[in-house]
file protein08.cif (mmCIF, C-alpha atoms)
data_work
#
loop_
_atom_site.label_atom_id
_atom_site.label_comp_id
_atom_site.auth_asym_id
_atom_site.auth_seq_id
_atom_site.Cartn_x
_atom_site.Cartn_y
_atom_site.Cartn_z
CA MET I 1 0.00 0.00 0.00
CA ASN I 2 1.45 3.40 -0.89
CA LEU I 3 1.69 6.34 1.51
CA PHE I 4 -1.21 8.31 0.01
CA ALA I 5 -3.58 5.39 0.29
CA LEU I 6 -2.50 4.78 3.85
CA ALA I 7 -3.01 8.44 4.79
CA GLY I 8 -6.42 8.39 3.09
CA VAL I 9 -7.53 5.37 5.09
CA GLY I 10 -6.34 7.11 8.26
CA VAL I 11 -8.36 10.27 7.43
CA VAL I 12 -11.52 8.26 6.80
CA LEU I 13 -11.14 6.24 9.99
CA GLY I 14 -10.37 9.35 12.05
CA ALA I 15 -13.34 11.23 10.67
CA ALA I 16 -15.66 8.29 11.27
CA THR I 17 -14.46 7.72 14.83
CA SER I 18 -14.68 11.36 15.87
CA GLY I 19 -18.06 11.75 14.15
CA VAL I 20 -19.49 8.86 16.16
CA ALA I 21 -17.98 10.28 19.36
CA MET I 22 -19.49 13.74 18.77
CA THR I 23 -22.88 12.22 18.07
CA LEU I 24 -22.79 10.24 21.32
CA VAL I 25 -21.88 13.36 23.31
CA GLU I 26 -24.77 15.31 21.77
CA GLN I 27 -27.22 12.50 22.45
CA ARG I 28 -26.20 12.38 26.11
CA ASP I 29 -26.77 16.14 26.47
CA GLU I 30 -30.17 15.86 24.80
CA ALA I 31 -31.22 13.13 27.24
CA ALA I 32 -30.30 15.35 30.18
CA LEU I 33 -32.31 18.25 28.79
CA SER I 34 -35.47 16.37 28.00
CA ALA I 35 -36.06 15.30 31.61
CA ALA I 36 -38.25 17.00 34.17
CA VAL I 37 -41.74 16.17 33.13
CA LEU I 38 -44.09 15.42 35.94
CA THR I 39 -47.31 14.05 34.63
CA GLU I 40 -47.86 10.59 36.04
CA ASP I 41 -51.42 9.64 36.81
CA VAL I 42 -53.00 9.70 40.24
CA SER I 43 -53.70 6.20 41.55
CA ALA I 44 -56.75 4.89 43.39
CA ARG I 45 -54.53 4.20 46.41
CA GLN I 46 -53.38 7.83 46.41
CA CYS I 47 -57.02 8.92 46.31
CA ALA I 48 -57.83 6.89 49.41
CA THR I 49 -55.00 8.62 51.28
CA ALA I 50 -55.63 12.07 49.82
CA VAL I 51 -59.19 12.14 51.17
CA PRO I 52 -58.87 10.69 54.69
CA ASP I 53 -61.84 9.52 56.73
CA ASP I 54 -61.50 12.14 59.45
CA ALA I 55 -61.56 14.99 56.91
CA MET I 56 -64.67 13.51 55.27
CA GLU I 57 -66.39 13.12 58.65
CA THR I 58 -65.52 16.68 59.66
CA LEU I 59 -66.92 18.02 56.40
CA GLY I 60 -69.98 15.78 56.60
CA ILE I 61 -69.25 14.18 53.23
CA VAL I 62 -68.50 10.51 53.83
CA ALA I 63 -68.33 8.19 50.82
CA GLN I 64 -65.79 6.13 48.90
CA PRO I 65 -63.11 8.33 47.25
CA LEU I 66 -63.11 7.57 43.53
CA LEU I 67 -60.64 8.33 40.81
CA THR I 68 -62.41 10.22 38.03
CA GLY I 69 -61.65 10.15 34.34
CA ARG I 70 -60.05 13.57 34.69
CA ASN I 71 -57.40 12.26 37.06
CA GLU I 72 -59.12 13.75 40.12
CA CYS I 73 -60.03 12.18 43.44
CA GLU I 74 -63.70 12.73 44.14
CA VAL I 75 -66.02 12.08 47.05
CA ARG I 76 -69.62 12.79 46.15
CA LEU I 77 -72.58 12.62 48.48
CA GLY I 78 -75.75 14.05 46.99
CA SER I 79 -75.05 17.67 46.10
CA ARG I 80 -72.01 17.76 48.40
CA ASP I 81 -68.63 17.15 46.90
CA ILE I 82 -64.90 16.93 47.63
CA LEU I 83 -62.45 17.12 44.71
CA VAL I 84 -58.68 16.75 45.07
CA SER I 85 -56.47 16.97 42.01
CA ARG I 86 -52.83 17.34 41.23
CA ARG I 87 -51.85 19.63 38.39
CA PRO I 88 -49.34 18.31 35.87
CA LEU I 89 -46.13 20.32 35.86
CA LEU I 90 -43.15 20.48 33.59
CA THR I 91 -40.12 22.67 33.32
CA GLY I 92 -39.41 22.20 29.65
CA GLY I 93 -35.89 21.54 30.82
CA LYS I 94 -34.10 20.12 33.82
CA ALA I 95 -35.64 18.61 36.95
CA ALA I 96 -33.68 21.08 39.04
CA ASP I 97 -35.90 23.84 37.67
CA LEU I 98 -39.10 22.14 38.86
CA PRO I 99 -39.40 24.28 42.04
CA VAL I 100 -39.53 27.37 39.81
CA ALA I 101 -42.16 25.91 37.50
CA ALA I 102 -44.22 24.63 40.45
CA ARG I 103 -44.14 28.00 42.15
CA GLN I 104 -45.22 29.75 38.96
CA SER I 105 -48.18 27.38 38.61
CA PHE I 106 -49.05 27.93 42.26
CA GLU I 107 -48.99 31.72 41.88
CA ILE I 108 -51.25 31.49 38.82
CA ALA I 109 -53.67 29.16 40.61
CA CYS I 110 -53.68 31.48 43.58
CA GLY I 111 -54.20 34.55 41.38
CA LEU I 112 -57.20 32.90 39.70
CA LEU I 113 -58.90 32.03 42.99
CA ALA I 114 -61.73 34.50 42.97
CA ASP I 115 -65.47 34.57 43.08
CA ASP I 116 -68.20 37.04 43.76
CA SER I 117 -68.78 36.41 47.44
CA SER I 118 -65.59 35.44 49.23
CA SER I 119 -62.09 36.74 49.78
CA VAL I 120 -58.79 34.96 49.28
CA GLU I 121 -56.30 34.29 52.05
CA ARG I 122 -52.64 33.42 51.53
CA SER I 123 -51.36 30.75 53.93
CA PRO I 124 -54.19 31.34 56.43
CA LYS I 125 -53.58 30.48 60.08
CA TRP I 126 -56.15 27.70 60.03
CA LEU I 127 -54.17 25.71 57.45
CA PRO I 128 -50.86 23.91 58.22
CA ARG I 129 -48.22 26.62 58.52
CA SER I 130 -45.48 24.50 57.01
CA THR I 131 -47.25 24.28 53.66
CA ARG I 132 -47.64 27.13 51.16
CA THR I 133 -51.35 27.56 50.50
CA CYS I 134 -53.90 29.94 49.10
CA ALA I 135 -57.57 29.59 50.05
CA ARG I 136 -60.98 31.03 49.55
CA THR I 137 -63.90 29.95 51.68
CA PRO I 138 -67.50 31.17 51.71
CA ALA I 139 -68.16 33.64 54.50
CA ALA I 140 -70.83 31.55 56.21
CA GLY I 141 -69.16 28.20 55.52
CA GLN I 142 -71.76 27.18 52.95
CA GLY I 143 -70.83 27.08 49.28
CA ILE I 144 -67.63 26.38 47.36
CA SER I 145 -64.27 26.39 49.08
CA GLU I 146 -61.04 26.15 47.12
CA VAL I 147 -57.46 25.68 48.29
CA ALA I 148 -54.29 25.69 46.16
CA VAL I 149 -51.46 23.79 47.83
CA LEU I 150 -47.77 23.82 46.92
CA THR I 151 -46.31 20.76 48.60
CA ALA I 152 -42.78 20.40 49.91
CA GLU I 153 -42.08 18.07 46.97
CA ASN I 154 -43.10 20.82 44.52
CA ASN I 155 -46.46 19.45 43.51
CA LEU I 156 -49.43 21.71 42.93
CA VAL I 157 -52.58 20.23 44.46
CA GLU I 158 -56.01 21.81 44.15
CA ILE I 159 -58.77 21.08 46.66
CA ARG I 160 -62.39 21.98 46.08
CA VAL I 161 -65.24 21.38 48.50
CA LEU I 162 -68.92 22.06 47.92
CA GLN I 163 -70.83 21.96 51.19
CA LEU I 164 -74.22 23.53 51.70
CA ASP I 165 -75.11 22.26 55.17
CA LEU I 166 -72.29 23.34 57.46
CA THR I 167 -73.16 26.08 59.90
CA ASP I 168 -69.76 26.49 61.47
CA ILE I 169 -66.81 28.02 59.58
CA ASP I 170 -64.33 26.50 62.04
CA THR I 171 -65.52 23.02 61.12
CA LEU I 172 -65.01 23.81 57.42
CA HIS I 173 -61.52 25.11 58.17
CA GLU I 174 -60.71 21.96 60.13
CA GLY I 175 -61.86 19.70 57.31
CA LEU I 176 -59.86 21.64 54.72
CA ALA I 177 -56.79 21.53 56.97
CA GLY I 178 -57.11 17.74 57.08
CA LEU I 179 -57.17 17.60 53.27
CA VAL I 180 -54.10 19.86 53.01
CA THR I 181 -52.20 17.67 55.47
CA ALA I 182 -53.16 14.58 53.47
CA ALA I 183 -52.08 16.21 50.19
CA GLU I 184 -48.68 16.91 51.70
CA VAL I 185 -48.40 13.24 52.66
CA VAL I 186 -49.43 11.89 49.26
CA TRP I 187 -47.64 14.38 47.02
CA MET R 1 7.99 0.73 3.40
CA ASN R 2 8.57 -0.48 6.93
CA THR R 3 5.87 -0.81 9.63
CA PRO R 4 6.73 2.24 11.82
CA VAL R 5 6.42 4.56 8.86
CA ARG R 6 3.04 3.03 7.98
CA VAL R 7 1.85 3.53 11.52
CA ILE R 8 2.99 7.15 11.59
CA VAL R 9 1.43 7.96 8.23
CA GLY R 10 -1.79 6.18 9.11
CA GLY R 11 -1.89 7.90 12.53
CA LEU R 12 -1.34 11.31 10.96
CA GLY R 13 -4.15 10.63 8.54
CA PHE R 14 -6.42 9.60 11.43
CA ALA R 15 -5.60 12.80 13.32
CA VAL R 16 -6.27 14.98 10.28
CA GLY R 17 -9.64 13.30 9.70
CA ALA R 18 -10.69 13.59 13.35
CA ALA R 19 -9.57 17.22 13.54
CA ALA R 20 -11.53 18.06 10.41
CA VAL R 21 -14.76 16.60 11.80
CA VAL R 22 -14.39 18.09 15.30
CA GLY R 23 -13.31 21.46 13.94
CA GLY R 24 -16.17 21.54 11.47
CA THR R 25 -18.69 20.65 14.15
CA LEU R 26 -17.43 23.36 16.49
CA ALA R 27 -17.23 25.96 13.74
CA PHE R 28 -20.83 25.45 12.72
CA ALA R 29 -22.17 24.98 16.28
CA GLU R 30 -25.00 27.20 17.49
CA PRO R 31 -24.04 30.38 19.37
CA GLU R 32 -23.54 30.18 23.13
CA PRO R 33 -26.96 30.16 24.87
CA ARG R 34 -27.91 33.24 26.89
CA GLY R 35 -28.45 33.10 30.64
CA ALA R 36 -31.63 34.10 32.48
CA VAL R 37 -32.49 37.76 32.23
CA SER R 38 -31.96 39.60 35.52
CA VAL R 39 -34.99 41.18 37.23
CA ALA R 40 -34.33 44.15 39.50
CA SER R 41 -34.99 43.88 43.24
CA ASP R 42 -37.49 46.76 43.04
CA PHE R 43 -39.22 45.38 39.93
CA CYS R 44 -42.57 44.71 41.63
CA ASP R 45 -42.66 48.14 43.24
CA ASP R 46 -41.72 49.89 40.01
CA THR R 47 -44.21 47.95 37.93
CA LEU R 48 -47.27 47.71 40.17
CA SER R 49 -47.18 50.82 42.36
CA GLY R 50 -49.25 52.87 39.89
CA VAL R 51 -52.09 50.36 39.62
CA ALA R 52 -51.88 49.57 43.34
CA GLY R 53 -52.26 53.25 44.17
CA THR R 54 -55.29 53.64 41.91
CA TRP R 55 -57.06 50.65 43.47
CA GLY R 56 -55.89 51.20 47.05
CA LEU R 57 -53.89 47.97 47.15
CA THR R 58 -50.94 47.11 49.36
CA LEU R 59 -47.86 45.65 47.69
CA LEU R 60 -46.55 42.44 49.21
CA PRO R 61 -42.79 41.88 49.30
CA GLN R 62 -41.24 40.77 46.03
CA GLU R 63 -40.39 37.08 46.05
CA THR R 64 -37.78 35.31 43.97
CA VAL R 65 -37.41 31.58 43.42
CA ALA R 66 -34.25 30.40 41.69
CA GLY R 67 -33.88 26.97 40.12
CA GLU R 68 -30.71 25.55 38.70
CA ARG R 69 -31.03 27.93 35.77
CA ASP R 70 -34.48 29.55 35.68
CA VAL R 71 -35.65 32.34 37.98
CA LEU R 72 -39.21 33.24 38.98
CA THR R 73 -40.13 36.67 40.30
CA ALA R 74 -43.55 36.87 41.96
CA CYS R 75 -45.37 40.12 42.77
CA GLU R 76 -48.69 40.61 44.45
CA ALA R 77 -50.78 43.57 45.52
CA ALA R 78 -54.01 43.10 47.46
CA SER R 79 -56.73 45.05 49.22
CA THR R 80 -56.96 44.81 52.99
CA SER R 81 -59.93 42.45 52.81
CA GLY R 82 -58.40 40.36 50.00
CA ASP R 83 -61.26 40.94 47.59
CA VAL R 84 -59.09 42.78 45.05
CA ARG R 85 -55.81 41.12 44.06
CA LEU R 86 -53.22 41.77 41.41
CA THR R 87 -50.72 38.97 40.72
CA LEU R 88 -47.71 39.29 38.42
CA THR R 89 -45.17 36.56 37.69
CA VAL R 90 -42.05 36.76 35.57
CA LEU R 91 -40.41 33.47 34.66
CA ALA R 92 -36.93 34.18 33.29
CA LEU R 93 -35.69 31.19 31.32
CA VAL R 94 -32.21 30.38 30.15
CA GLU R 95 -31.67 29.18 26.64
CA GLU R 96 -30.48 25.64 26.11
CA GLU R 97 -27.74 24.49 23.86
CA GLY R 98 -29.11 22.49 21.00
CA ARG R 99 -32.68 23.77 21.31
CA ALA R 100 -34.38 26.66 19.57
CA ALA R 101 -34.42 29.74 21.77
CA ASP R 102 -38.19 29.98 21.87
CA GLU R 103 -38.83 26.29 22.53
CA ARG R 104 -38.74 26.54 26.33
CA THR R 105 -40.68 29.80 26.51
CA SER R 106 -43.37 28.30 24.29
CA THR R 107 -43.68 25.28 26.59
CA MET R 108 -43.98 27.39 29.72
CA LEU R 109 -46.37 29.84 28.06
CA GLU R 110 -48.61 26.97 27.09
CA LEU R 111 -48.60 25.72 30.67
CA ALA R 112 -49.59 29.15 31.98
CA CYS R 113 -52.31 29.55 29.37
CA THR R 114 -53.72 26.11 30.18
CA ALA R 115 -54.51 27.48 33.63
CA ILE R 116 -55.63 30.94 32.54
CA ARG R 117 -57.61 30.11 29.39
CA PRO R 118 -58.19 26.35 29.24
CA GLY R 119 -58.70 25.14 25.69
CA ALA R 120 -57.69 28.40 24.06
CA PRO R 121 -54.73 28.50 21.64
CA ALA R 122 -51.58 29.80 23.33
CA ASP R 123 -49.16 30.32 20.43
CA ASP R 124 -49.07 34.08 20.92
CA GLY R 125 -50.05 34.09 24.57
CA CYS R 126 -53.51 34.33 25.99
CA HIS R 127 -55.68 36.97 27.57
CA GLY R 128 -59.25 37.43 28.60
CA ALA R 129 -61.77 37.55 31.37
CA VAL R 130 -61.59 35.65 34.63
CA GLU R 131 -65.09 34.41 35.34
CA THR R 132 -67.04 32.39 37.84
CA VAL R 133 -69.97 30.37 36.57
CA ASP R 134 -71.85 33.43 35.45
CA ARG R 135 -70.00 36.56 36.51
CA LEU R 136 -66.90 38.49 35.49
CA VAL R 137 -64.42 38.72 38.36
CA GLY R 138 -61.27 39.91 36.63
CA ASN R 139 -58.88 39.77 33.74
CA ALA R 140 -55.68 37.88 32.93
CA ASN R 141 -52.89 37.89 30.38
CA ALA R 142 -49.91 35.63 29.71
CA PHE R 143 -47.25 36.30 27.09
CA VAL R 144 -43.59 35.98 26.16
CA THR R 145 -41.61 39.22 26.14
CA ASP R 146 -40.48 40.50 22.76
CA ASP R 147 -36.87 39.52 23.47
CA GLY R 148 -38.09 35.94 24.02
CA ARG R 149 -36.42 35.62 27.41
CA ALA R 150 -39.30 35.61 29.91
CA VAL R 151 -42.86 34.38 30.34
CA VAL R 152 -45.04 36.97 32.06
CA THR R 153 -48.47 36.44 33.63
CA VAL R 154 -50.74 39.19 34.93
CA ILE R 155 -53.91 38.29 36.85
CA PHE R 156 -56.19 40.96 38.31
CA THR R 157 -59.37 39.99 40.16
CA ALA R 158 -62.00 42.10 41.91
CA PRO R 159 -65.64 41.86 43.02
CA PRO R 160 -68.02 41.77 40.02
CA GLU R 161 -69.16 45.37 40.39
CA ARG R 162 -65.54 46.54 39.99
CA ALA R 163 -64.08 43.74 37.87
CA VAL R 164 -64.78 45.37 34.52
CA GLY R 165 -62.13 47.97 35.34
CA THR R 166 -59.39 45.37 35.63
CA SER R 167 -59.05 44.78 31.87
CA ARG R 168 -57.65 48.23 31.20
CA ASP R 169 -54.93 47.85 33.83
CA VAL R 170 -54.01 44.32 32.75
CA ALA R 171 -53.65 45.52 29.16
CA ALA R 172 -51.52 48.48 30.27
CA LEU R 173 -49.22 46.26 32.34
CA ALA R 174 -48.87 43.79 29.47
CA GLN R 175 -48.00 46.64 27.12
CA MET R 176 -45.45 47.99 29.58
CA LEU R 177 -43.72 44.63 30.05
CA SER R 178 -43.85 43.35 26.46
CA ASP R 179 -40.47 44.90 25.56
CA GLY R 180 -38.75 42.98 28.34
CA VAL R 181 -38.35 42.92 32.09
CA ALA R 182 -34.65 43.74 32.58
#
call {"tool": "encode", "arguments": {"input": "protein08.cif", "output": "structure tokens"}}
result
Amino acid sequence: MNLFALAGVGVVLGAATSGVAMTLVEQRDEAALSAAVLTEDVSARQCATAVPDDAMETLGIVAQPLLTGRNECEVRLGSRDILVSRRPLLTGGKAADLPVAARQSFEIACGLLADDSSSVERSPKWLPRSTRTCARTPAAGQGISEVAVLTAENNLVEIRVLQLDLTDIDTLHEGLAGLVTAAEVVW
Amino acid sequence: MNTPVRVIVGGLGFAVGAAAVVGGTLAFAEPEPRGAVSVASDFCDDTLSGVAGTWGLTLLPQETVAGERDVLTACEAASTSGDVRLTLTVLALVEEEGRAADERTSTMLELACTAIRPGAPADDGCHGAVETVDRLVGNANAFVTDDGRAVVTVIFTAPPERAVGTSRDVAALAQMLSDGVA
């Protein structure tokens, strides 16, 4: 084999080897960037824990928690209703940026909590102080209550309770606090 | 030709080929991605004080949450009773090597719009009324700044008898912030 042919073979082999190496490096980077999606479904077991018996009894809505087709945990008793759902989150990037994305979603959920008859409280005293929350409850305790919860694990959980029979706001607060505590345990 | 010479010639050829591929790849690589845009420590005060003064709202302290790369700035102004609330978030995103600059902002904008205007297209952002079952209680807007470096959301809610006035202020804030937040 002459020198030119030998050099040519070397160039081809070198180009091929380095091309494969560069491709592998790029693929590894891409895999790292495409992580951080948090969308797994809620399970029936999680529903049972997310709506504990004592919270249901306090709120006067006792029934079997069911997983709905919309990925929500629901307890329905006549016109009374408890709904607990976890919002899907994603960063569009790395998992380490999930706290930022979760907080943004929480702030939006909190900002949208509004209706025509009740005011919104941020981290009210009657909810667990260690959890970031935002809540609106009907003044007399009867109607729709909503709580947005940002858990320590950076999950956004939304709680909605429709109760038309309660006459005591403290009882409503106690029931909602039980649901927030359970959400922190599950998510 | 003896074996050492063959090895040297072949090795030189290998090095030239590898250098050509690596050099070509680096030469035509995308430009260095930009970092997250920096938001001033008095951003919330500067941006919301006008609207807060008009509506008699109190500004809450500016909050910042920093991830590995992204940074969220959260502002809120509220009435004493909590019936009027103005929420502003700025999500400053870094660009990623190997991805189009607007890919991440588009993803995060879509996520924000899913909450603000479920079912509505979010390609160019989203805006519109915040409503209960049958009543207007505010206005909201989510968009990417013109420089493509931040996702901004503005949510303004008030009792129904005052809520119609929120749209003007949300539009004004969106206009003010569309150029960028730095």
call {"tool": "resolve_selection", "arguments": {"input": "protein08.cif", "expression": "the PyMOL selection byres ((chain R and resi 130-132) around 9)", "output": "VMD selection string"}}
result
(chain I and resid 112 114 to 116) or (chain R and resid 116 to 117 128 to 129 133 to 140 155 to 157)
call {"tool": "interface_residues", "arguments": {"input": "protein08.cif", "of": "chain R", "to": "chain I", "cutoff": "8 Å", "atoms": "only C-alpha atoms", "output": "ChimeraX atom specification"}}
result
/R:6,9-22,65-72,74,81-83,85-87,89,91,98,104,107-108,111-112,115-116,130-132,135,137,153,155-160
call {"tool": "write_last_selection", "arguments": {"input": "protein08.cif", "atoms": "C-alpha atoms", "output": "PDB file, keeping the file's coordinate frame"}}
result
ATOM      1  CA  ARG R   6       3.040   3.030   7.980  1.00  0.00           C
ATOM      2  CA  VAL R   9       1.430   7.960   8.230  1.00  0.00           C
ATOM      3  CA  GLY R  10      -1.790   6.180   9.110  1.00  0.00           C
ATOM      4  CA  GLY R  11      -1.890   7.900  12.530  1.00  0.00           C
ATOM      5  CA  LEU R  12      -1.340  11.310  10.960  1.00  0.00           C
ATOM      6  CA  GLY R  13      -4.150  10.630   8.540  1.00  0.00           C
ATOM      7  CA  PHE R  14      -6.420   9.600  11.430  1.00  0.00           C
ATOM      8  CA  ALA R  15      -5.600  12.800  13.320  1.00  0.00           C
ATOM      9  CA  VAL R  16      -6.270  14.980  10.280  1.00  0.00           C
ATOM     10  CA  GLY R  17      -9.640  13.300   9.700  1.00  0.00           C
ATOM     11  CA  ALA R  18     -10.690  13.590  13.350  1.00  0.00           C
ATOM     12  CA  ALA R  19      -9.570  17.220  13.540  1.00  0.00           C
ATOM     13  CA  ALA R  20     -11.530  18.060  10.410  1.00  0.00           C
ATOM     14  CA  VAL R  21     -14.760  16.600  11.800  1.00  0.00           C
ATOM     15  CA  VAL R  22     -14.390  18.090  15.300  1.00  0.00           C
ATOM     16  CA  VAL R  65     -37.410  31.580  43.420  1.00  0.00           C
ATOM     17  CA  ALA R  66     -34.250  30.400  41.690  1.00  0.00           C
ATOM     18  CA  GLY R  67     -33.880  26.970  40.120  1.00  0.00           C
ATOM     19  CA  GLU R  68     -30.710  25.550  38.700  1.00  0.00           C
ATOM     20  CA  ARG R  69     -31.030  27.930  35.770  1.00  0.00           C
ATOM     21  CA  ASP R  70     -34.480  29.550  35.680  1.00  0.00           C
ATOM     22  CA  VAL R  71     -35.650  32.340  37.980  1.00  0.00           C
ATOM     23  CA  LEU R  72     -39.210  33.240  38.980  1.00  0.00           C
ATOM     24  CA  ALA R  74     -43.550  36.870  41.960  1.00  0.00           C
ATOM     25  CA  SER R  81     -59.930  42.450  52.810  1.00  0.00           C
ATOM     26  CA  GLY R  82     -58.400  40.360  50.000  1.00  0.00           C
ATOM     27  CA  ASP R  83     -61.260  40.940  47.590  1.00  0.00           C
ATOM     28  CA  ARG R  85     -55.810  41.120  44.060  1.00  0.00           C
ATOM     29  CA  LEU R  86     -53.220  41.770  41.410  1.00  0.00           C
ATOM     30  CA  THR R  87     -50.720  38.970  40.720  1.00  0.00           C
ATOM     31  CA  THR R  89     -45.170  36.560  37.690  1.00  0.00           C
ATOM     32  CA  LEU R  91     -40.410  33.470  34.660  1.00  0.00           C
ATOM     33  CA  GLY R  98     -29.110  22.490  21.000  1.00  0.00           C
ATOM     34  CA  ARG R 104     -38.740  26.540  26.330  1.00  0.00           C
ATOM     35  CA  THR R 107     -43.680  25.280  26.590  1.00  0.00           C
ATOM     36  CA  MET R 108     -43.980  27.390  29.720  1.00  0.00           C
ATOM     37  CA  LEU R 111     -48.600  25.720  30.670  1.00  0.00           C
ATOM     38  CA  ALA R 112     -49.590  29.150  31.980  1.00  0.00           C
ATOM     39  CA  ALA R 115     -54.510  27.480  33.630  1.00  0.00           C
ATOM     40  CA  ILE R 116     -55.630  30.940  32.540  1.00  0.00           C
ATOM     41  CA  VAL R 130     -61.590  35.650  34.630  1.00  0.00           C
ATOM     42  CA  GLU R 131     -65.090  34.410  35.340  1.00  0.00           C
ATOM     43  CA  THR R 132     -67.040  32.390  37.840  1.00  0.00           C
ATOM     44  CA  ARG R 135     -70.000  36.560  36.510  1.00  0.00           C
ATOM     45  CA  VAL R 137     -64.420  38.720  38.360  1.00  0.00           C
ATOM     46  CA  THR R 153     -48.470  36.440  33.630  1.00  0.00           C
ATOM     47  CA  ILE R 155     -53.910  38.290  36.850  1.00  0.00           C
ATOM     48  CA  PHE R 156     -56.190  40.960  38.310  1.00  0.00           C
ATOM     49  CA  THR R 157     -59.370  39.990  40.160  1.00  0.00           C
ATOM     50  CA  ALA R 158     -62.000  42.100  41.910  1.00  0.00           C
ATOM     51  CA  PRO R 159     -65.640  41.860  43.020  1.00  0.00           C
ATOM     52  CA  PRO R 160     -68.020  41.770  40.020  1.00  0.00           C
TER      53      PRO R 160
END
call {"tool": "resolve_selection", "arguments": {"input": "protein08.cif", "expression": "the PyMOL selection byres ((chain I and resi 70) around 12)", "output": "list in words"}}
result
Asp41, Val42, Ser43, Leu66, Leu67, Thr68, Gly69, Asn71, Glu72, Cys73, Glu74, Leu83, Val84, Ser85, Arg86, Arg87 and Pro88 of chain I
call {"tool": "write_last_selection", "arguments": {"input": "protein08.cif", "atoms": "C-alpha atoms", "output": "short mmCIF file (atom, residue, chain, number, x, y, z; two decimals), in the frame of the given file"}}
result
data_model
loop_
_atom_site.label_atom_id
_atom_site.label_comp_id
_atom_site.auth_asym_id
_atom_site.auth_seq_id
_atom_site.Cartn_x
_atom_site.Cartn_y
_atom_site.Cartn_z
CA ASP I 41 -51.42 9.64 36.81
CA VAL I 42 -53.00 9.70 40.24
CA SER I 43 -53.70 6.20 41.55
CA LEU I 66 -63.11 7.57 43.53
CA LEU I 67 -60.64 8.33 40.81
CA THR I 68 -62.41 10.22 38.03
CA GLY I 69 -61.65 10.15 34.34
CA ASN I 71 -57.40 12.26 37.06
CA GLU I 72 -59.12 13.75 40.12
CA CYS I 73 -60.03 12.18 43.44
CA GLU I 74 -63.70 12.73 44.14
CA LEU I 83 -62.45 17.12 44.71
CA VAL I 84 -58.68 16.75 45.07
CA SER I 85 -56.47 16.97 42.01
CA ARG I 86 -52.83 17.34 41.23
CA ARG I 87 -51.85 19.63 38.39
CA PRO I 88 -49.34 18.31 35.87
#
call {"tool": "resolve_selection", "arguments": {"input": "protein08.cif", "expression": "the PyMOL selection byres ((chain R and resi 41) around 10)", "output": "list in words"}}
result
Ser38, Val39, Ala40, Asp42, Phe43, Cys44, Asp45, Asp46, Gln62, Glu63, Thr64 and Thr73 of chain R
call {"tool": "write_last_selection", "arguments": {"input": "protein08.cif", "atoms": "C-alpha atoms", "output": "short mmCIF file (atom, residue, chain, number, x, y, z; two decimals), in the frame of the given file"}}
result
data_model
loop_
_atom_site.label_atom_id
_atom_site.label_comp_id
_atom_site.auth_asym_id
_atom_site.auth_seq_id
_atom_site.Cartn_x
_atom_site.Cartn_y
_atom_site.Cartn_z
CA SER R 38 -31.96 39.60 35.52
CA VAL R 39 -34.99 41.18 37.23
CA ALA R 40 -34.33 44.15 39.50
CA ASP R 42 -37.49 46.76 43.04
CA PHE R 43 -39.22 45.38 39.93
CA CYS R 44 -42.57 44.71 41.63
CA ASP R 45 -42.66 48.14 43.24
CA ASP R 46 -41.72 49.89 40.01
CA GLN R 62 -41.24 40.77 46.03
CA GLU R 63 -40.39 37.08 46.05
CA THR R 64 -37.78 35.31 43.97
CA THR R 73 -40.13 36.67 40.30
#
call {"tool": "atom_distance", "arguments": {"input": "protein08.cif", "atom1": "atom CA of Val149 of chain I", "atom2": "atom CA of Arg132 of chain I"}}
result
6.1 Å
call {"tool": "residues_near_point", "arguments": {"input": "protein08.cif", "point": "(-39.9, 31.9, 31.5)", "cutoff": "6 Å", "atoms": "all atoms listed in the file", "output": "ChimeraX atom specification"}}
result
/R:91-93,105,150-151
call {"tool": "write_last_selection", "arguments": {"input": "protein08.cif", "atoms": "C-alpha atoms", "output": "mmCIF file, in the frame of the given file"}}
result
data_model
loop_
_atom_site.group_PDB
_atom_site.id
_atom_site.type_symbol
_atom_site.label_atom_id
_atom_site.label_comp_id
_atom_site.auth_asym_id
_atom_site.auth_seq_id
_atom_site.Cartn_x
_atom_site.Cartn_y
_atom_site.Cartn_z
ATOM 1 C CA LEU R 91 -40.410 33.470 34.660
ATOM 2 C CA ALA R 92 -36.930 34.180 33.290
ATOM 3 C CA LEU R 93 -35.690 31.190 31.320
ATOM 4 C CA THR R 105 -40.680 29.800 26.510
ATOM 5 C CA ALA R 150 -39.300 35.610 29.910
ATOM 6 C CA VAL R 151 -42.860 34.380 30.340
#
call {"tool": "residues_near_point", "arguments": {"input": "protein08.cif", "point": "(-42.4, 42.7, 25.5)", "cutoff": "10 Å", "atoms": "only C-alpha atoms", "output": "number ranges by chain"}}
result
R: 143-152, 174-181
call {"tool": "atom_distance", "arguments": {"input": "protein08.cif", "atom1": "atom CA of Ala44 of chain I", "atom2": "atom CA of Thr151 of chain I"}}
result
19.7 Å
call {"tool": "residues_around", "arguments": {"input": "protein08.cif", "residues": "Ile144 of chain I", "least_positions_apart": "5", "cutoff": "8 Å", "atoms": "all atoms listed in the file", "output": "ChimeraX atom specification"}}
result
/I:137-138,160-163
call {"tool": "write_last_selection", "arguments": {"input": "protein08.cif", "atoms": "C-alpha atoms", "output": "mmCIF file, in the frame of the given file"}}
result
data_model
loop_
_atom_site.group_PDB
_atom_site.id
_atom_site.type_symbol
_atom_site.label_atom_id
_atom_site.label_comp_id
_atom_site.auth_asym_id
_atom_site.auth_seq_id
_atom_site.Cartn_x
_atom_site.Cartn_y
_atom_site.Cartn_z
ATOM 1 C CA THR I 137 -63.900 29.950 51.680
ATOM 2 C CA PRO I 138 -67.500 31.170 51.710
ATOM 3 C CA ARG I 160 -62.390 21.980 46.080
ATOM 4 C CA VAL I 161 -65.240 21.380 48.500
ATOM 5 C CA LEU I 162 -68.920 22.060 47.920
ATOM 6 C CA GLN I 163 -70.830 21.960 51.190
#
